[in-house]
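Asker: Right, I'll just put the structure down here and ask away after.
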Amino acid sequence: MAVLAGASGPTSIAKWAVIKEEFLSSVLDLPNGIPRKDVFRRVLMALQPGAFQACFVNWLTSLRATAAAATGEKQPILAVDGKTARRSHDRQKGLGALHSVSVWASEFGLSLGQVACAEKSNEITAIPELLRLVDIKGAIITIDAMGTQKAIAAEIIEGKADYVLALKGNQETLHQATIDYIEEQLDGEMAEAREHVTTEKGHGREETRTYLQMPAPKSLPGFELWKGLMTIGIVTSCCFRGGKETIEVRYYISSLAMDVKRFARAVRGHWGIENTCHWVLDMMYREDESRIRDKALRENFAWLNRFSLSLLKQHPGRDSLIMKRRSCGWNENFMLEVLAGATL
């Protein structure tokens, strides 16, 4: 409740609780009164992050089921991506900044799990661990180029899900072969290729995205080693802003069958983790400025931030997220509405 109301650490949790003592005493059994900040700190330091997240499994399951029913999405996009809390390092203790990999259900506005790792290069080992924490059956898993690994693709297929994986220099041979094949097809008739174009206007810019999907040729290097590989794709984004044009091109491999609109939805859904999760955590929760230094404490608080963000996103009110969070701090009834409404 304190995090929903704007708390960013044990001290602010305790301060909020003291101010709201009358309210808390009416809804909680507090025979010893309001705990001090050191109690909150010790508890959050003692709890193992994995065990702490496990406490939320049933709640998340109900939130996911409710969101799926409301949106009608039978194959949700689960975006996997990493984020660094840049000021959470402690040089004296040899503790680097917290880097965590999380799963974000883009259409649902739900954070389904997170795993901390030493740095971005360790995402390769963290991603399989994270995927085992989440029920991925029937979903489309999207990952940026760092997670484009044969073992990760196999893990996704074995979990009865599909994947859309970005290609860059870390898979240099496959990346270049995909570029060459698509360019060859573009010079021909492209009989098997499918195209989908979208245009968006807003915030002083106009962006046109062209999605192209085609069957993956068996001539691709290591084709048989990429479990479930069926299609490849290219996305070209042309953005006009302030009289200037920028063009960005991205390449993908996927286990999805031919359906260019579904491919486009998956790619667009992955960008959602940056726009609707990471950006919000930095701008509204000020997570990038967090100075929490204890390893377990900062991981547990990062999870509280993500879970409370998920609750706010489930609330049907039309106010902005920041206004909803302020309202949780101002009005206990609104806070209970966010909590209870999300679990109905």
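Naming works like this for the structure tokens: A, B, ... for the chains as they're shown, residue 1 at the start of each chain, ligands 1 onward in shown order.
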If we count only C-alpha atoms and set the cut-off at 8 Å, which residues sit around segment 25-42 of chain A, ignoring sequence neighbours fewer than 4 positions away in its own chain? Please answer as a ChimeraX atom specification.

Answerer: /A:10-15,17-18,21,46,297

Asker: Considering only alpha helix (DSSP H) as DSSP defines it on the backbone, what residues of segment 114-310 of chain A qualify? List them as a PyMOL selection string.

Answerer: chain A and resi 123-133+150-158+172-187+260-273+279-283+295-310

Asker: Please provide the set of residues having any atom within 6 Å of segment 227-242 of chain A, restricted to only C-alpha atoms, with same-chain residues fewer than 2 positions apart removed, written as number ranges by chain.

Answerer: A: 154, 205-216, 225, 244-255

Asker: Find the residue from A:His175, A:Ile136, A:Leu44, A:Ala264 that sits nearest to Gly9 of chain A; use only C-alpha atoms when measuring.

Answerer: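 Smallest distance to Gly9 of chain A is found for A:Leu44.
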
Asker: Write out as a PDB file with C-alpha atoms, in the first residue's frame which residues come within 12 Å of Glu73 of chain A when counting only C-alpha atoms, dropping same-chain ones fewer than 3 positions away.

Answerer:
ATOM      1  CA  ARG A  64      -3.738 -12.301 -15.912  1.00  0.00           C
ATOM      2  CA  ALA A  65      -6.956 -14.297 -16.304  1.00  0.00           C
ATOM      3  CA  THR A  66      -9.072 -11.174 -15.779  1.00  0.00           C
ATOM      4  CA  ALA A  67      -6.990  -9.137 -18.237  1.00  0.00           C
ATOM      5  CA  ALA A  68      -7.109 -11.916 -20.846  1.00  0.00           C
ATOM      6  CA  ALA A  69     -10.891 -12.077 -20.576  1.00  0.00           C
ATOM      7  CA  ALA A  70     -11.184  -8.295 -20.859  1.00  0.00           C
ATOM      8  CA  PRO A  76      -0.557 -12.626 -25.438  1.00  0.00           C
ATOM      9  CA  ILE A  77       2.756 -10.935 -26.165  1.00  0.00           C
ATOM     10  CA  LEU A  78       5.253 -11.498 -23.334  1.00  0.00           C
ATOM     11  CA  ALA A 105       2.627  -8.739 -20.733  1.00  0.00           C
ATOM     12  CA  SER A 106       2.226  -5.762 -23.036  1.00  0.00           C
ATOM     13  CA  GLU A 107      -1.517  -5.969 -23.788  1.00  0.00           C
ATOM     14  CA  PHE A 108      -2.355  -6.721 -20.152  1.00  0.00           C
ATOM     15  CA  GLY A 138       0.337 -20.289 -25.664  1.00  0.00           C
ATOM     16  CA  ALA A 139       2.137 -16.917 -25.593  1.00  0.00           C
ATOM     17  CA  ILE A 140       4.466 -15.169 -28.042  1.00  0.00           C
ATOM     18  CA  ARG A 262       0.440 -11.243 -35.949  1.00  0.00           C
ATOM     19  CA  ARG A 265       1.640  -7.190 -33.265  1.00  0.00           C
TER      20      ARG A 265
END

Asker: Please compute the atom CA of Gly159 of chain A-atom CA of Ile127 of chain A distance, one decimal, in Å.

Answerer: 13.4 Å

Asker: When you look at Trp271 of chain A with a cut-off of 10 Å (counting only C-alpha atoms), what residues show up, excluding the ones that are within fewer than 6 positions of it in the same chain? I need them as a list in words.

Answerer: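 Listed by chain and then number, they are Ala79, Asp81, Ser106, Thr142, Asp144 and Cys277 of chain A.
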